[in-house]
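**Q** Take a look at start20.csv, CSV, C-alpha atoms:
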chain,number,residue,atom,x,y,z
A,346,MET,CA,101.1,95.6,92.5
A,347,THR,CA,104.1,97.8,93.3
A,348,LYS,CA,107.6,97.1,94.5
A,349,SER,CA,108.7,97.6,98.0
A,350,SER,CA,112.1,99.0,99.0
A,351,ASP,CA,113.5,95.4,98.8
A,352,ASN,CA,112.2,95.2,95.2
A,353,LYS,CA,109.7,92.4,96.1
A,354,PRO,CA,106.2,93.0,94.7
A,355,HIS,CA,103.5,93.6,97.3
A,356,LYS,CA,99.8,94.2,97.1
A,357,ILE,CA,98.3,97.6,97.5
A,358,GLY,CA,95.1,97.5,99.6
A,359,SER,CA,91.9,99.3,98.8
A,360,ARG,CA,93.0,102.4,100.8
A,361,GLY,CA,96.3,102.4,98.9
A,362,ARG,CA,94.5,102.2,95.6
A,363,ALA,CA,92.1,105.0,96.8
A,364,ARG,CA,95.1,107.1,97.8
A,365,ARG,CA,96.8,106.6,94.5
A,366,ARG,CA,93.6,107.5,92.6
A,367,ALA,CA,93.4,110.7,94.7
A,368,LEU,CA,97.0,111.5,93.9
A,369,GLU,CA,96.2,111.1,90.2
A,370,ILE,CA,93.3,113.5,90.5
A,371,LEU,CA,95.3,116.1,92.5
A,372,PHE,CA,98.1,115.9,90.0
A,373,GLU,CA,95.7,116.2,87.1
A,374,ALA,CA,94.2,119.3,88.7
A,375,GLU,CA,97.6,120.8,89.3
A,376,HIS,CA,98.8,120.0,85.8
A,377,ARG,CA,95.7,121.3,84.1
A,378,HIS,CA,95.4,124.4,86.3
A,379,THR,CA,91.9,123.4,87.4
A,380,THR,CA,90.4,122.5,90.8
A,381,PRO,CA,90.6,119.0,92.3
A,382,LEU,CA,86.8,119.0,92.3
A,383,ASP,CA,86.7,119.6,88.6
A,384,ALA,CA,89.2,116.9,88.0
A,385,LEU,CA,87.2,114.4,90.1
A,386,GLN,CA,84.0,115.3,88.3
A,387,ARG,CA,85.8,114.8,84.9
A,388,ARG,CA,86.9,111.3,86.1
A,389,ARG,CA,83.3,110.5,87.1
A,390,GLU,CA,81.8,111.7,83.8
A,391,TYR,CA,84.4,110.6,81.2
A,392,THR,CA,85.9,107.4,82.6
A,393,ASP,CA,84.6,104.1,84.0
A,394,GLN,CA,86.9,104.3,87.0
A,395,THR,CA,85.5,103.5,90.3
A,396,ILE,CA,86.0,106.3,92.8
A,397,ASN,CA,86.4,104.8,96.2
A,398,PRO,CA,84.9,106.8,99.1
A,399,TYR,CA,88.3,107.2,100.6
A,400,THR,CA,89.5,108.9,97.3
A,401,THR,CA,86.6,111.3,97.7
A,402,ALA,CA,87.4,111.9,101.4
A,403,ILE,CA,91.0,112.8,100.5
A,404,ILE,CA,90.0,115.1,97.7
A,405,ASP,CA,87.4,116.8,99.9
A,406,GLY,CA,89.9,117.1,102.7
A,407,VAL,CA,92.6,118.6,100.6
A,408,ILE,CA,90.1,121.1,99.1
A,409,THR,CA,88.7,122.0,102.5
A,410,HIS,CA,92.2,122.6,104.1
A,411,GLN,CA,94.2,123.5,101.0
A,412,GLU,CA,94.9,127.1,102.0
A,413,GLN,CA,96.3,126.0,105.4
A,414,ILE,CA,98.1,123.0,103.9
A,415,ASP,CA,99.8,125.2,101.3
A,416,GLU,CA,100.8,127.8,103.9
A,417,LEU,CA,102.4,125.1,106.0
A,418,LEU,CA,104.1,123.5,103.0
A,419,ALA,CA,105.5,126.9,101.8
A,420,GLN,CA,106.7,127.6,105.3
A,421,TYR,CA,108.5,124.3,105.9
A,422,ALA,CA,109.7,123.4,102.4
A,423,HIS,CA,112.9,125.3,102.9
A,424,GLY,CA,114.2,127.0,99.8
A,425,TRP,CA,111.2,126.0,97.7
A,426,THR,CA,108.1,128.1,96.9
A,427,MET,CA,104.9,126.3,96.0
A,428,GLU,CA,105.4,127.6,92.4
A,429,ARG,CA,108.8,126.0,92.2
A,430,MET,CA,107.7,122.6,93.4
A,431,LEU,CA,107.2,119.8,90.9
A,432,ALA,CA,103.5,119.3,90.3
A,433,MET,CA,103.7,115.7,91.4
A,434,ASP,CA,105.6,116.5,94.6
A,435,LYS,CA,103.1,119.3,95.4
A,436,SER,CA,100.3,116.8,94.9
A,437,ILE,CA,102.0,114.2,97.1
A,438,LEU,CA,102.7,116.7,99.8
A,439,ARG,CA,99.2,118.0,99.9
A,440,LEU,CA,97.8,114.5,100.1
A,441,GLY,CA,100.3,113.5,102.8
A,442,ALA,CA,99.8,116.7,104.8
A,443,TRP,CA,96.0,116.2,104.8
A,444,GLU,CA,96.4,112.6,106.0
A,445,LEU,CA,99.0,113.6,108.6
A,446,LEU,CA,97.3,116.7,110.0
A,447,PHE,CA,93.5,116.2,109.4
A,448,ASN,CA,92.8,112.5,109.1
A,449,ASP,CA,92.5,111.2,112.7
A,450,GLU,CA,92.1,107.6,111.4
A,451,MET,CA,95.6,107.6,109.9
A,452,PRO,CA,98.7,107.1,112.2
A,453,ASP,CA,101.1,110.0,111.7
A,454,ALA,CA,104.1,107.7,110.8
A,455,ALA,CA,101.9,105.8,108.2
A,456,ALA,CA,100.9,109.1,106.6
A,457,VAL,CA,104.5,110.1,106.1
A,458,ASN,CA,105.5,106.7,105.0
A,459,GLU,CA,102.7,106.4,102.4
A,460,ALA,CA,103.6,109.8,100.9
A,461,VAL,CA,107.3,108.9,100.7
A,462,ASN,CA,106.4,105.6,99.0
A,463,MET,CA,104.3,107.5,96.4
A,464,ALA,CA,107.2,109.9,95.8
A,465,ARG,CA,109.5,106.9,95.3
A,466,GLU,CA,107.0,105.4,92.8
A,467,TYR,CA,105.8,108.5,90.9
A,468,SER,CA,108.4,111.2,91.1
A,469,ASN,CA,112.1,111.7,90.7
A,470,ASP,CA,115.0,110.3,92.8
A,471,ASP,CA,115.3,113.4,95.0
A,472,SER,CA,111.6,113.4,95.9
A,473,PRO,CA,111.3,110.7,98.6
A,474,GLY,CA,113.9,112.5,100.8
A,475,TYR,CA,112.3,115.8,100.1
A,476,VAL,CA,108.8,114.6,100.9
A,477,ASN,CA,110.1,112.8,104.0
A,478,GLY,CA,111.9,116.0,105.2
A,479,VAL,CA,108.9,118.3,104.8
A,480,LEU,CA,106.3,115.9,106.2
A,481,GLY,CA,108.6,114.8,108.9
A,482,ARG,CA,109.0,118.4,110.0
A,483,LEU,CA,105.2,118.8,110.0
A,484,GLN,CA,104.8,115.6,112.0
A,485,GLU,CA,107.3,117.0,114.6
A,486,LEU,CA,105.4,120.3,114.8
A,487,LYS,CA,101.9,118.8,114.6
A,488,PRO,CA,100.9,119.5,118.2
A,489,THR,CA,101.6,123.2,117.7
A,490,LEU,CA,100.3,123.6,114.2
A,491,LEU,CA,96.6,122.9,114.7
A,492,LEU,CA,95.9,125.0,117.7
Can the structure in the file be given as structure tokens, please?
**A**
Amino acid sequence: MTKSSDNKPHKIGSRGRARRRALEILFEAEHRHTTPLDALQRRREYTDQTINPYTTAIIDGVITHQEQIDELLAQYAHGWTMERMLAMDKSILRLGAWELLFNDEMPDAAAVNEAVNMAREYSNDDSPGYVNGVLGRLQELKPTLLL
């Protein structure tokens, strides 16, 4: 369970749990300077964690599109280079950008909202606004970004 903006606990569904597990893996990869695939494989080998198919879909999607995602993030994260971003924020932005731009099953607004909620839960006080600003800009420009 996590707390919503009104501080009432709410359940996280299986997609939400899968998304958070993917975030953990992306963050671990960023923090350890390894690949998300290596971090995912390490989880499978050394833990008894269940890796939901949606977790794998996110990781695979971020890996497949990481170069394009990172270029877009660097372009629209005004004043911040990828190197300067917090590892957690970078991981949230990559996950959110993949869901927003490349996952047709995910409504755009929901992708942004989920990323903002993860920033609120896992990062610092400035991160939710920052994540919302960057992904909100990508959402506005989405029709012209994927030509």
**Q** For atom CA of A:Pro473 and atom CA of A:His378, determine how far apart the two atoms are, in Å to one decimal place.
**A** 24.3 Å
**Q** I'd like to know which of A:Thr400, A:Thr489, A:Ala455, A:Gln386 is closest to A:Arg366, using all atoms listed in the file.
**A**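 Using all atoms listed in the file, the shortest distance to A:Arg366 belongs to A:Thr400.
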**Q** Can you pull out every residue within 10 Å of stretch 387-399 of chain A, counting only C-alpha atoms, but drop anything in the same chain fewer than 6 positions away, and send it as a compact mmCIF listing (two decimals) with C-alpha atoms, in the frame of the given file?
**A**
# COMPACT_ATOMS: atom_id res chain seq x y z
CA SER A 359 91.90 99.30 98.80
CA ARG A 360 93.00 102.40 100.80
CA GLY A 361 96.30 102.40 98.90
CA ARG A 362 94.50 102.20 95.60
CA ALA A 363 92.10 105.00 96.80
CA ARG A 364 95.10 107.10 97.80
CA ARG A 366 93.60 107.50 92.60
CA ALA A 367 93.40 110.70 94.70
CA ILE A 370 93.30 113.50 90.50
CA PRO A 381 90.60 119.00 92.30
CA ASP A 405 87.40 116.80 99.90
